[in-house]
file query_20.cif (mmCIF, C-alpha atoms and all ligand atoms)
data_work
#
loop_
_atom_site.label_atom_id
_atom_site.label_comp_id
_atom_site.auth_asym_id
_atom_site.auth_seq_id
_atom_site.Cartn_x
_atom_site.Cartn_y
_atom_site.Cartn_z
CA MET U 1 -20.82 29.78 -101.10
CA THR U 2 -19.13 31.12 -104.25
CA GLY U 3 -21.87 33.71 -104.58
CA MET U 4 -21.29 34.87 -101.03
CA ASN U 5 -17.54 35.21 -101.56
CA ASP U 6 -18.12 37.19 -104.73
CA THR U 7 -20.46 39.53 -102.92
CA HIS U 8 -17.98 39.96 -100.12
CA PHE U 9 -15.15 40.64 -102.56
CA THR U 10 -17.21 43.18 -104.51
CA LYS U 11 -18.21 44.94 -101.30
CA THR U 12 -14.63 45.16 -100.03
CA ALA U 13 -13.41 46.40 -103.39
CA ALA U 14 -16.12 49.03 -103.46
CA LEU U 15 -15.27 50.22 -99.98
CA LEU U 16 -11.56 50.45 -100.83
CA ALA U 17 -12.39 52.39 -103.93
CA ALA U 18 -14.59 54.69 -101.91
CA ALA U 19 -11.81 55.27 -99.44
CA LEU U 20 -9.27 56.03 -102.15
CA LEU U 21 -11.67 58.31 -103.98
CA ALA U 22 -12.32 60.14 -100.76
CA LEU U 23 -8.60 60.71 -100.28
CA LEU U 24 -7.57 61.85 -103.75
CA PRO U 25 -9.17 65.30 -103.80
CA ALA U 26 -7.41 66.14 -100.53
CA CYS U 27 -4.02 65.30 -102.03
CA SER U 28 -4.71 67.22 -105.20
CA ARG U 29 -5.23 70.39 -103.18
CA ASN U 30 -1.49 70.33 -102.71
CA GLY U 31 -1.73 71.65 -99.17
CA GLY U 32 -2.36 74.90 -97.40
CA HIS U 33 -5.48 76.06 -99.22
CA ARG U 34 -8.05 74.40 -97.15
CA GLU U 35 -10.69 76.69 -95.70
CA PRO U 36 -11.05 76.48 -91.91
CA ALA U 37 -13.27 73.49 -91.43
CA ASP U 38 -16.63 73.58 -89.75
CA HIS U 39 -15.87 71.22 -86.89
CA ASP U 40 -15.64 71.42 -83.14
CA GLY U 41 -11.89 71.71 -83.34
CA ALA U 42 -10.80 69.33 -80.61
CA GLY U 43 -7.21 69.86 -81.69
CA GLU U 44 -7.47 73.49 -82.74
CA THR U 45 -4.74 75.85 -81.62
CA LYS U 46 -3.77 79.43 -82.24
CA PRO U 47 -1.49 79.79 -85.26
CA GLY U 48 2.12 79.40 -84.31
CA GLU U 49 1.53 77.50 -81.11
CA LYS U 50 1.34 74.11 -82.70
CA LYS U 51 2.28 72.99 -86.12
CA ILE U 52 -0.81 72.40 -88.17
CA CYS U 53 -1.15 69.70 -90.79
CA LYS U 54 -2.17 71.87 -93.71
CA GLU U 55 -3.43 68.94 -95.70
CA HIS U 56 -5.87 67.85 -93.03
CA ASP U 57 -6.37 71.02 -90.98
CA VAL U 58 -5.57 69.38 -87.68
CA PRO U 59 -2.54 69.73 -85.37
CA LEU U 60 0.23 67.88 -87.14
CA GLU U 61 1.15 65.71 -84.17
CA GLU U 62 -2.48 64.60 -83.91
CA CYS U 63 -2.95 63.86 -87.61
CA GLY U 64 -3.62 60.15 -87.80
CA ILE U 65 -3.14 60.08 -91.56
CA CYS U 66 0.27 61.77 -91.53
CA GLN U 67 1.47 60.21 -88.27
CA PRO U 68 0.05 56.66 -88.34
CA GLU U 69 2.97 55.41 -86.22
CA GLY U 70 1.51 57.43 -83.31
CA LEU U 71 -1.66 55.32 -83.32
CA ALA U 72 0.04 52.40 -81.62
CA LYS U 73 1.06 54.61 -78.67
CA LEU U 74 -2.36 56.06 -77.88
CA LYS U 75 -3.66 55.26 -74.41
CA PRO U 76 -7.36 54.60 -73.78
CA GLY U 77 -9.21 57.89 -74.19
CA GLU U 78 -6.53 59.45 -76.41
CA SER U 79 -7.27 60.14 -80.06
CA ALA U 80 -5.69 60.85 -83.37
CA LYS U 81 -7.54 63.02 -85.88
CA LEU U 82 -8.84 61.64 -89.12
CA ARG U 83 -9.91 64.22 -91.69
CA LEU U 84 -11.78 63.00 -94.75
CA ALA U 85 -11.60 64.63 -98.14
CA SER U 86 -15.08 66.11 -98.06
CA PRO U 87 -18.15 66.24 -95.82
CA GLU U 88 -19.77 63.71 -98.15
CA SER U 89 -16.94 61.15 -98.01
CA ALA U 90 -18.25 59.25 -95.02
CA THR U 91 -21.73 58.97 -96.48
CA LEU U 92 -20.33 57.87 -99.85
CA ALA U 93 -18.28 55.15 -98.17
CA GLY U 94 -21.37 53.90 -96.31
CA VAL U 95 -19.99 54.73 -92.84
CA ARG U 96 -22.72 54.29 -90.26
CA VAL U 97 -22.70 56.24 -87.01
CA ALA U 98 -24.75 55.76 -83.86
CA SER U 99 -24.86 57.23 -80.39
CA ALA U 100 -22.99 55.22 -77.71
CA GLN U 101 -25.59 53.85 -75.31
CA THR U 102 -25.44 53.02 -71.65
CA GLY U 103 -26.78 49.74 -70.34
CA ALA U 104 -25.98 46.78 -68.17
CA ALA U 105 -22.72 45.05 -69.07
CA LYS U 106 -23.48 41.39 -68.67
CA GLU U 107 -20.45 39.40 -67.68
CA ALA U 108 -21.20 35.72 -67.80
CA ILE U 109 -19.68 32.39 -66.84
CA GLU U 110 -20.01 29.94 -69.70
CA CYS U 111 -20.31 26.27 -68.91
CA TYR U 112 -21.98 23.03 -69.88
CA ALA U 113 -25.29 21.94 -68.42
CA GLU U 114 -27.57 18.93 -68.56
CA ILE U 115 -31.34 19.23 -68.59
CA ALA U 116 -33.30 17.21 -66.03
CA PHE U 117 -36.87 16.92 -64.84
CA ASP U 118 -37.91 19.34 -62.13
CA GLN U 119 -37.88 16.94 -59.18
CA ASN U 120 -40.55 19.05 -57.47
CA LYS U 121 -42.83 18.30 -60.38
CA LEU U 122 -42.08 14.62 -60.83
CA ALA U 123 -43.98 11.78 -59.18
CA ARG U 124 -43.89 8.02 -59.30
CA ILE U 125 -47.27 6.32 -59.09
CA ALA U 126 -46.99 3.04 -57.28
CA ALA U 127 -49.42 0.32 -56.16
CA PRO U 128 -50.24 0.80 -52.45
CA VAL U 129 -50.92 -2.96 -52.08
CA SER U 130 -49.82 -5.97 -54.09
CA GLY U 131 -52.33 -7.08 -56.68
CA ILE U 132 -53.09 -7.48 -60.37
CA VAL U 133 -53.22 -4.65 -62.90
CA GLU U 134 -56.81 -4.88 -64.14
CA SER U 135 -56.59 -2.05 -66.67
CA VAL U 136 -54.12 0.56 -67.90
CA ASP U 137 -55.85 3.81 -68.80
CA VAL U 138 -52.93 5.91 -70.13
CA ASP U 139 -49.83 5.40 -72.21
CA LEU U 140 -46.34 6.88 -72.44
CA GLY U 141 -46.63 10.50 -73.45
CA SER U 142 -50.26 10.79 -72.34
CA THR U 143 -51.22 14.11 -70.80
CA VAL U 144 -53.04 13.59 -67.52
CA SER U 145 -54.99 15.93 -65.30
CA GLU U 146 -54.79 16.08 -61.52
CA LYS U 147 -56.47 13.04 -59.87
CA GLN U 148 -57.03 11.34 -63.24
CA SER U 149 -57.06 7.52 -63.03
CA VAL U 150 -54.04 6.00 -64.80
CA ALA U 151 -54.65 2.31 -64.00
CA ARG U 152 -56.95 0.08 -61.95
CA LEU U 153 -55.74 -2.60 -59.60
CA TRP U 154 -57.48 -5.72 -58.24
CA SER U 155 -56.12 -6.92 -54.95
CA ALA U 156 -57.08 -9.64 -52.45
CA THR U 157 -56.31 -7.15 -49.66
CA ILE U 158 -58.81 -4.71 -51.15
CA ALA U 159 -61.46 -7.39 -51.72
CA GLU U 160 -61.10 -8.44 -48.11
CA ALA U 161 -61.30 -4.88 -46.82
CA SER U 162 -64.33 -4.28 -49.00
CA SER U 163 -66.13 -7.39 -47.69
CA LYS U 164 -65.31 -6.31 -44.17
CA ALA U 165 -66.88 -2.89 -44.81
CA VAL U 166 -70.01 -4.42 -46.34
CA LEU U 167 -70.41 -6.80 -43.39
CA ALA U 168 -69.79 -3.99 -40.90
CA ARG U 169 -72.48 -1.89 -42.52
CA GLN U 170 -74.98 -4.78 -42.42
CA ALA U 171 -74.08 -5.43 -38.77
CA LEU U 172 -74.64 -1.78 -37.93
CA ALA U 173 -78.02 -1.74 -39.69
CA ARG U 174 -79.04 -4.78 -37.66
CA GLU U 175 -77.90 -3.22 -34.36
CA GLN U 176 -79.75 0.00 -35.17
CA LYS U 177 -82.98 -1.96 -35.75
CA LEU U 178 -82.56 -3.93 -32.50
CA ARG U 179 -81.71 -0.79 -30.58
CA ALA U 180 -84.94 0.83 -31.82
CA GLN U 181 -86.79 -2.13 -30.29
CA LYS U 182 -84.65 -1.79 -27.16
CA ALA U 183 -83.45 -5.35 -27.85
CA THR U 184 -79.76 -4.50 -27.71
CA SER U 185 -77.50 -2.31 -25.62
CA GLU U 186 -76.18 1.16 -26.52
CA LYS U 187 -72.67 -0.30 -26.18
CA ASP U 188 -73.29 -2.94 -28.90
CA LEU U 189 -74.56 -0.22 -31.24
CA GLN U 190 -71.46 1.93 -30.60
CA GLU U 191 -69.19 -1.06 -31.28
CA ALA U 192 -70.94 -1.72 -34.60
CA GLU U 193 -70.52 1.95 -35.56
CA ALA U 194 -66.81 1.85 -34.66
CA ALA U 195 -66.29 -1.35 -36.70
CA LEU U 196 -67.84 0.26 -39.77
CA GLN U 197 -65.75 3.39 -39.33
CA ALA U 198 -62.55 1.32 -39.10
CA ALA U 199 -63.46 -0.64 -42.23
CA HIS U 200 -64.11 2.61 -44.16
CA GLN U 201 -60.87 4.11 -42.96
CA GLN U 202 -58.90 1.15 -44.24
CA LEU U 203 -60.47 1.52 -47.69
CA GLN U 204 -59.79 5.24 -47.68
CA THR U 205 -56.16 4.60 -46.80
CA LEU U 206 -55.93 2.32 -49.80
CA GLY U 207 -57.20 5.15 -51.99
CA PHE U 208 -60.98 4.74 -52.28
CA SER U 209 -63.33 7.69 -52.04
CA GLU U 210 -66.53 7.73 -49.91
CA GLU U 211 -68.61 7.35 -53.09
CA GLN U 212 -66.63 4.31 -54.18
CA ILE U 213 -66.94 2.76 -50.73
CA ALA U 214 -70.69 3.34 -50.76
CA ALA U 215 -70.90 1.62 -54.17
CA MET U 216 -69.22 -1.54 -52.81
CA ASP U 217 -72.55 -2.76 -51.44
CA ASN U 218 -73.47 -4.17 -54.83
CA ARG U 219 -70.48 -6.55 -54.51
CA LYS U 220 -69.55 -6.31 -58.19
CA ARG U 221 -65.88 -7.00 -58.95
CA GLU U 222 -65.80 -3.62 -60.73
CA SER U 223 -66.51 -1.82 -57.44
CA VAL U 224 -63.41 -3.12 -55.64
CA LEU U 225 -60.93 -2.12 -58.36
CA LEU U 226 -58.57 0.49 -56.96
CA PRO U 227 -57.93 3.42 -59.30
CA LEU U 228 -54.34 4.70 -59.26
CA ARG U 229 -54.42 8.47 -59.78
CA ALA U 230 -52.04 11.14 -61.03
CA PRO U 231 -51.10 13.43 -58.11
CA PHE U 232 -50.94 16.48 -60.39
CA ALA U 233 -51.38 17.41 -64.02
CA GLY U 234 -48.50 16.39 -66.27
CA GLU U 235 -47.25 13.90 -68.77
CA ILE U 236 -46.58 10.18 -68.41
CA VAL U 237 -42.84 9.89 -68.97
CA GLU U 238 -42.32 6.31 -67.74
CA ARG U 239 -44.61 3.32 -67.71
CA SER U 240 -44.03 -0.20 -66.52
CA ALA U 241 -47.68 -1.11 -65.88
CA VAL U 242 -48.95 -3.96 -68.06
CA ARG U 243 -52.48 -5.25 -67.97
CA GLY U 244 -52.81 -8.53 -66.09
CA ALA U 245 -49.40 -8.24 -64.42
CA MET U 246 -48.90 -9.05 -60.77
CA VAL U 247 -47.44 -6.08 -58.95
CA GLU U 248 -45.93 -5.71 -55.53
CA ALA U 249 -46.85 -2.98 -53.09
CA GLY U 250 -44.68 0.08 -53.61
CA LYS U 251 -43.55 -0.83 -57.10
CA PRO U 252 -43.69 2.26 -59.35
CA LEU U 253 -46.00 1.70 -62.31
CA PHE U 254 -45.82 5.17 -63.86
CA THR U 255 -43.78 8.35 -63.63
CA VAL U 256 -45.66 11.55 -64.23
CA ALA U 257 -43.78 14.79 -64.91
CA ASP U 258 -44.95 18.35 -65.22
CA ARG U 259 -42.57 19.68 -67.87
CA SER U 260 -43.75 23.30 -67.70
CA THR U 261 -40.48 23.95 -65.89
CA MET U 262 -37.30 21.90 -66.09
CA TRP U 263 -34.01 21.90 -64.25
CA ALA U 264 -30.59 22.31 -65.74
CA PHE U 265 -27.52 21.17 -63.85
CA ALA U 266 -24.61 23.36 -64.85
CA SER U 267 -21.02 22.33 -64.13
CA VAL U 268 -19.25 25.42 -62.84
CA PRO U 269 -15.46 25.35 -62.55
CA GLU U 270 -14.09 25.72 -59.04
CA SER U 271 -12.36 28.99 -60.01
CA ALA U 272 -15.65 30.69 -60.93
CA LEU U 273 -17.75 29.22 -58.15
CA ALA U 274 -17.32 32.06 -55.66
CA ARG U 275 -19.13 34.43 -58.03
CA VAL U 276 -22.18 32.23 -58.58
CA CYS U 277 -25.16 32.55 -56.25
CA VAL U 278 -28.87 31.78 -56.05
CA GLY U 279 -31.07 34.14 -58.07
CA GLN U 280 -28.60 34.90 -60.88
CA GLU U 281 -30.02 34.85 -64.39
CA VAL U 282 -28.97 32.14 -66.80
CA GLU U 283 -29.28 31.69 -70.55
CA LEU U 284 -29.34 28.19 -72.01
CA ARG U 285 -28.77 27.16 -75.58
CA VAL U 286 -29.46 23.60 -76.64
CA GLU U 287 -27.85 22.20 -79.76
CA ALA U 288 -30.90 20.04 -80.41
CA ILE U 289 -33.13 23.14 -80.50
CA PRO U 290 -31.24 25.63 -82.68
CA GLY U 291 -32.15 29.29 -82.58
CA ARG U 292 -33.86 29.15 -79.19
CA VAL U 293 -32.56 30.70 -76.00
CA PHE U 294 -34.08 29.54 -72.71
CA GLY U 295 -33.92 31.81 -69.69
CA GLY U 296 -33.71 30.58 -66.12
CA LYS U 297 -32.50 31.33 -62.64
CA VAL U 298 -30.00 29.72 -60.33
CA THR U 299 -31.92 28.02 -57.49
CA TRP U 300 -29.16 26.00 -55.83
CA VAL U 301 -25.39 25.87 -55.68
CA ALA U 302 -23.82 22.58 -54.57
CA ALA U 303 -22.11 22.44 -51.20
CA GLU U 304 -19.23 20.46 -52.64
CA VAL U 305 -16.91 20.34 -55.62
CA ASP U 306 -16.36 17.08 -57.48
CA ASP U 307 -12.89 15.95 -56.43
CA ARG U 308 -12.04 14.57 -59.87
CA THR U 309 -13.47 17.19 -62.25
CA ARG U 310 -13.04 20.21 -59.88
CA MET U 311 -16.52 21.30 -60.94
CA ALA U 312 -19.53 22.12 -58.79
CA ARG U 313 -23.13 21.48 -59.71
CA VAL U 314 -25.40 24.50 -59.99
CA ARG U 315 -29.12 24.01 -60.46
CA VAL U 316 -31.07 26.29 -62.75
CA GLU U 317 -34.85 26.41 -62.94
CA VAL U 318 -35.96 26.90 -66.53
CA PRO U 319 -39.49 27.65 -67.76
CA ASN U 320 -40.18 25.31 -70.67
CA PRO U 321 -42.82 26.81 -72.95
CA GLY U 322 -43.94 24.40 -75.65
CA ARG U 323 -42.31 21.56 -73.64
CA LEU U 324 -39.30 21.72 -75.96
CA LEU U 325 -36.71 20.90 -73.33
CA LYS U 326 -36.31 17.22 -72.57
CA ALA U 327 -34.49 15.48 -69.78
CA ASN U 328 -30.80 14.64 -70.40
CA LEU U 329 -30.34 17.11 -73.26
CA PHE U 330 -27.00 18.90 -73.19
CA ALA U 331 -26.98 22.68 -73.07
CA GLN U 332 -24.56 25.59 -73.11
CA ALA U 333 -25.22 27.77 -70.09
CA ARG U 334 -24.30 31.40 -69.49
CA ILE U 335 -24.64 32.44 -65.86
CA PHE U 336 -24.78 36.22 -65.63
CA LEU U 337 -22.78 37.86 -62.88
CA PRO U 338 -23.61 41.19 -61.32
CA GLY U 339 -21.96 43.76 -63.59
CA ASN U 340 -21.78 47.47 -64.27
CA GLU U 341 -25.38 48.65 -64.75
CA ASN U 342 -24.31 51.89 -66.45
CA ALA U 343 -21.69 50.64 -68.84
CA VAL U 344 -21.03 52.38 -72.18
CA LEU U 345 -22.00 49.83 -74.81
CA VAL U 346 -21.30 49.67 -78.54
CA PRO U 347 -21.85 46.88 -81.07
CA ASP U 348 -18.91 44.52 -81.62
CA SER U 349 -18.69 45.88 -85.15
CA ALA U 350 -17.59 49.29 -83.82
CA ILE U 351 -14.27 47.93 -82.55
CA GLN U 352 -11.26 48.27 -84.86
CA ARG U 353 -7.70 47.03 -84.51
CA VAL U 354 -5.40 49.72 -85.87
CA GLU U 355 -1.61 49.42 -85.59
CA GLY U 356 -2.08 46.90 -82.80
CA ASN U 357 -4.26 49.26 -80.80
CA THR U 358 -7.96 48.76 -80.00
CA MET U 359 -9.93 51.70 -81.31
CA VAL U 360 -13.28 53.16 -82.20
CA PHE U 361 -13.98 56.01 -84.61
CA VAL U 362 -15.87 58.91 -83.09
CA GLN U 363 -17.45 61.44 -85.40
CA LYS U 364 -16.55 65.03 -84.47
CA GLY U 365 -17.77 66.74 -87.64
CA PRO U 366 -19.07 65.83 -91.09
CA ASP U 367 -15.53 65.13 -92.33
CA LEU U 368 -13.67 64.80 -89.03
CA PHE U 369 -13.29 61.69 -86.90
CA ASP U 370 -11.35 60.79 -83.78
CA ALA U 371 -9.48 57.51 -83.98
CA ARG U 372 -9.87 56.83 -80.29
CA ALA U 373 -8.01 54.21 -78.28
CA VAL U 374 -10.34 52.37 -75.91
CA ARG U 375 -10.19 49.67 -73.27
CA LEU U 376 -12.73 46.90 -73.69
CA GLY U 377 -14.80 45.47 -70.87
CA VAL U 378 -17.32 42.68 -70.96
CA ARG U 379 -18.58 41.25 -74.25
CA SER U 380 -22.11 39.91 -74.45
CA GLY U 381 -24.69 39.24 -77.13
CA GLY U 382 -23.03 41.25 -79.91
CA GLN U 383 -22.31 44.18 -77.62
CA VAL U 384 -19.13 45.20 -75.91
CA GLU U 385 -18.58 47.38 -72.89
CA LEU U 386 -16.07 50.20 -73.31
CA ALA U 387 -14.48 50.28 -69.90
CA GLU U 388 -12.44 53.35 -70.83
CA GLY U 389 -12.18 55.88 -73.64
CA LEU U 390 -15.75 56.69 -74.66
CA GLN U 391 -18.53 58.77 -73.15
CA PRO U 392 -22.25 57.95 -73.47
CA GLY U 393 -23.85 59.84 -76.34
CA GLU U 394 -20.69 60.19 -78.43
CA GLN U 395 -21.24 59.44 -82.09
CA VAL U 396 -19.46 56.18 -82.85
CA VAL U 397 -18.94 54.47 -86.18
CA VAL U 398 -20.82 51.21 -85.76
CA ALA U 399 -20.64 49.79 -89.29
CA HIS U 400 -18.50 50.12 -92.41
CA GLY U 401 -15.61 51.61 -90.48
CA TYR U 402 -13.16 49.94 -92.83
CA PRO U 403 -12.82 52.95 -95.21
CA LEU U 404 -11.79 55.06 -92.21
CA LYS U 405 -9.23 52.48 -91.11
CA SER U 406 -7.83 52.22 -94.63
CA GLN U 407 -7.57 56.00 -94.73
CA LEU U 408 -5.40 55.94 -91.59
CA LEU U 409 -3.14 53.28 -93.00
CA ILE U 410 -2.94 54.70 -96.51
CA SER U 411 0.50 56.26 -95.91
CA HIS U 412 1.91 52.76 -95.51
CA LEU U 413 0.93 52.25 -99.15
CA GLY U 414 2.99 55.28 -100.15
CA ALA U 415 -0.01 57.46 -100.81
CA GLY U 416 0.02 59.56 -97.64
CA CYS U 417 0.26 63.32 -97.78
CA ALA U 418 3.10 64.32 -95.51
CA ASP U 419 3.22 67.89 -94.38
CA ASP U 420 6.41 69.73 -95.21
ZN ZN U 501 -2.22 65.21 -92.15
#
call {"tool": "encode", "arguments": {"input": "query_20.cif", "output": "structure tokens"}}
result
Amino acid sequence: MTGMNDTHFTKTAALLAAALLALLPACSRNGGHREPADHDGAGETKPGEKKICKEHDVPLEECGICQPEGLAKLKPGESAKLRLASPESATLAGVRVASAQTGAAKEAIECYAEIAFDQNKLARIAAPVSGIVESVDVDLGSTVSEKQSVARLWSATIAEASSKAVLARQALAREQKLRAQKATSEKDLQEAEAALQAAHQQLQTLGFSEEQIAAMDNRKRESVLLPLRAPFAGEIVERSAVRGAMVEAGKPLFTVADRSTMWAFASVPESALARVCVGQEVELRVEAIPGRVFGGKVTWVAAEVDDRTRMARVRVEVPNPGRLLKANLFAQARIFLPGNENAVLVPDSAIQRVEGNTMVFVQKGPDLFDARAVRLGVRSGGQVELAEGLQPGEQVVVAHGYPLKSQLLISHLGAGCADD
């Protein structure tokens, strides 16, 4: 930390020195001998019409260096002139200039959110009949594919249904043989066929496939074990199944979740609720995963406000690459509202507070700057919208504007060059 402070101090000192150095040659000219400057002359007037600051070759009433008290009174869009000592001064002081861009000003509602499983991609796997867990094929955290068997269940109900199917098939075979010899009626054959069909249907309802039902003929215990299957690909996030345990019908044995997308429930204050709607973009930052920003979209806005907290729940669907987001994590959400698509944007670092006024420096010539009052709009992601005072394409000081600011305020230190 000490090293950082030292660096900072050295940098500030250097910039101050640069600013002072830039000023001194102007003062030493002792006024009135400056050649007409090569600038666009925003404040230029015919001689005699307006009093000119001879030191700085700008109209006296607009000279920000000589009239710093005027800076506080500037309205958005109005400027004071700032003339540097030489065309090289700005470069020497490290002043960086960039063109003001247009872009979307993203106003956002900031609120807390809690991550949850996507309920559309969450399933509980339960036993369809009561029985005994014969084997457990997956564990917590296991990745499963669609239809993969997660456990096998033995059940008296299944054993009975299986026996019934085997007997029905044998009965049908017998009827078919007798029918071929004309020793039984067509009706008896049809009844045997219907009985077999009913027995198969029962097994299918329980979850057996045709192949498994066909294999039950061998009457091995193995063949009547019911596989419980994952309904879709995902991850086992809950497990209560234990080998050998008795389970009741309907009791969930596993929860499988597809975490490729998650939900976030944001708590939006009542006052901001009217501006939130389905489809708006959301950014989520999770303390537990520093440096990552997750993007999502609002998919639901609650129909009611909590009567105690005065907050409404807003659901956000969030793609979860790398499965980094976990259920119940807390997040900071930014819900973006429809904003000005053609806003004039500058980096935060371009904004200066001078004499209580909010300003930017606009370059008008190699040694001439406007100290321009501006009105700020929406701030977002290191950028700020200039709602008033700056046109797209104007050359704005975006970094190291401090030497310019110190130049404006130098008269307060008794070093200003008043025109007389
Ligand atoms: Zn002046």
call {"tool": "residues_near_ligand", "arguments": {"input": "query_20.cif", "ligand": "ligand ZN 501 (chain U)", "cutoff": "8 Å", "atoms": "only C-alpha atoms and all ligand atoms", "output": "VMD selection string"}}
result
chain U and resid 53 to 58 60 63 to 67 83 417 to 419
call {"tool": "closest_residue", "arguments": {"input": "query_20.cif", "among": "U:Gln170, U:Thr255, U:Gln280, U:Gln202", "to": "Lys121 (chain U)", "atoms": "only C-alpha atoms"}}
result
U:Thr255
call {"tool": "closest_residue", "arguments": {"input": "query_20.cif", "among": "U:Gly279, U:Gly296, U:Gly77, U:Pro252", "to": "Arg334 (chain U)", "atoms": "only C-alpha atoms"}}
result
U:Gly296
call {"tool": "closest_residue", "arguments": {"input": "query_20.cif", "among": "U:Lys147, U:Arg323, U:Arg379, U:Arg124", "to": "Val346 (chain U)", "atoms": "only C-alpha atoms"}}
result
U:Arg379
call {"tool": "closest_residue", "arguments": {"input": "query_20.cif", "among": "U:Val247, U:Ala343, U:Val318, U:Ala288", "to": "Ser260 (chain U)", "atoms": "only C-alpha atoms"}}
result
U:Val318
call {"tool": "residues_around", "arguments": {"input": "query_20.cif", "residues": "region 96-102 of chain U", "least_positions_apart": "3", "cutoff": "12 Å", "atoms": "all atoms listed in the file", "output": "JSON, numbers by chain"}}
result
{"U": [89, 90, 91, 92, 93, 105, 340, 341, 342, 343, 344, 345, 346, 347, 349, 350, 360, 361, 362, 363, 364, 365, 366, 369, 383, 384, 385, 386, 387, 389, 390, 391, 392, 393, 394, 395, 396, 397, 398, 399, 400, 401, 402, 403, 404]}
call {"tool": "residues_around", "arguments": {"input": "query_20.cif", "residues": "Glu222 (chain U)", "least_positions_apart": "5", "cutoff": "10 Å", "atoms": "only C-alpha atoms", "output": "list in words"}}
result
Glu134, Arg152, Trp154, Ala215 and Met216 of chain U
call {"tool": "write_last_selection", "arguments": {"input": "query_20.cif", "atoms": "C-alpha atoms", "output": "mmCIF file, in the coordinates of the input"}}
result
data_model
loop_
_atom_site.group_PDB
_atom_site.id
_atom_site.type_symbol
_atom_site.label_atom_id
_atom_site.label_comp_id
_atom_site.auth_asym_id
_atom_site.auth_seq_id
_atom_site.Cartn_x
_atom_site.Cartn_y
_atom_site.Cartn_z
ATOM 1 C CA GLU U 134 -56.810 -4.880 -64.140
ATOM 2 C CA ARG U 152 -56.950 0.080 -61.950
ATOM 3 C CA TRP U 154 -57.480 -5.720 -58.240
ATOM 4 C CA ALA U 215 -70.900 1.620 -54.170
ATOM 5 C CA MET U 216 -69.220 -1.540 -52.810
#
call {"tool": "residues_around", "arguments": {"input": "query_20.cif", "residues": "Arg229 (chain U)", "least_positions_apart": "5", "cutoff": "8 Å", "atoms": "only C-alpha atoms", "output": "PyMOL selection string"}}
result
chain U and resi 125+146-151
call {"tool": "atom_distance", "arguments": {"input": "query_20.cif", "atom1": "CA of Ser380 (chain U)", "atom2": "CA of Ala72 (chain U)"}}
result
26.4 Å
call {"tool": "atom_distance", "arguments": {"input": "query_20.cif", "atom1": "CA of Gly295 (chain U)", "atom2": "CA of Ile351 (chain U)"}}
result
28.5 Å
call {"tool": "atom_distance", "arguments": {"input": "query_20.cif", "atom1": "CA of Asp258 (chain U)", "atom2": "CA of Leu140 (chain U)"}}
result
13.6 Å
call {"tool": "residues_near_point", "arguments": {"input": "query_20.cif", "point": "(-10.0, 59.3, -85.8)", "cutoff": "6 Å", "atoms": "all atoms listed in the file", "output": "count of residues only"}}
result
7
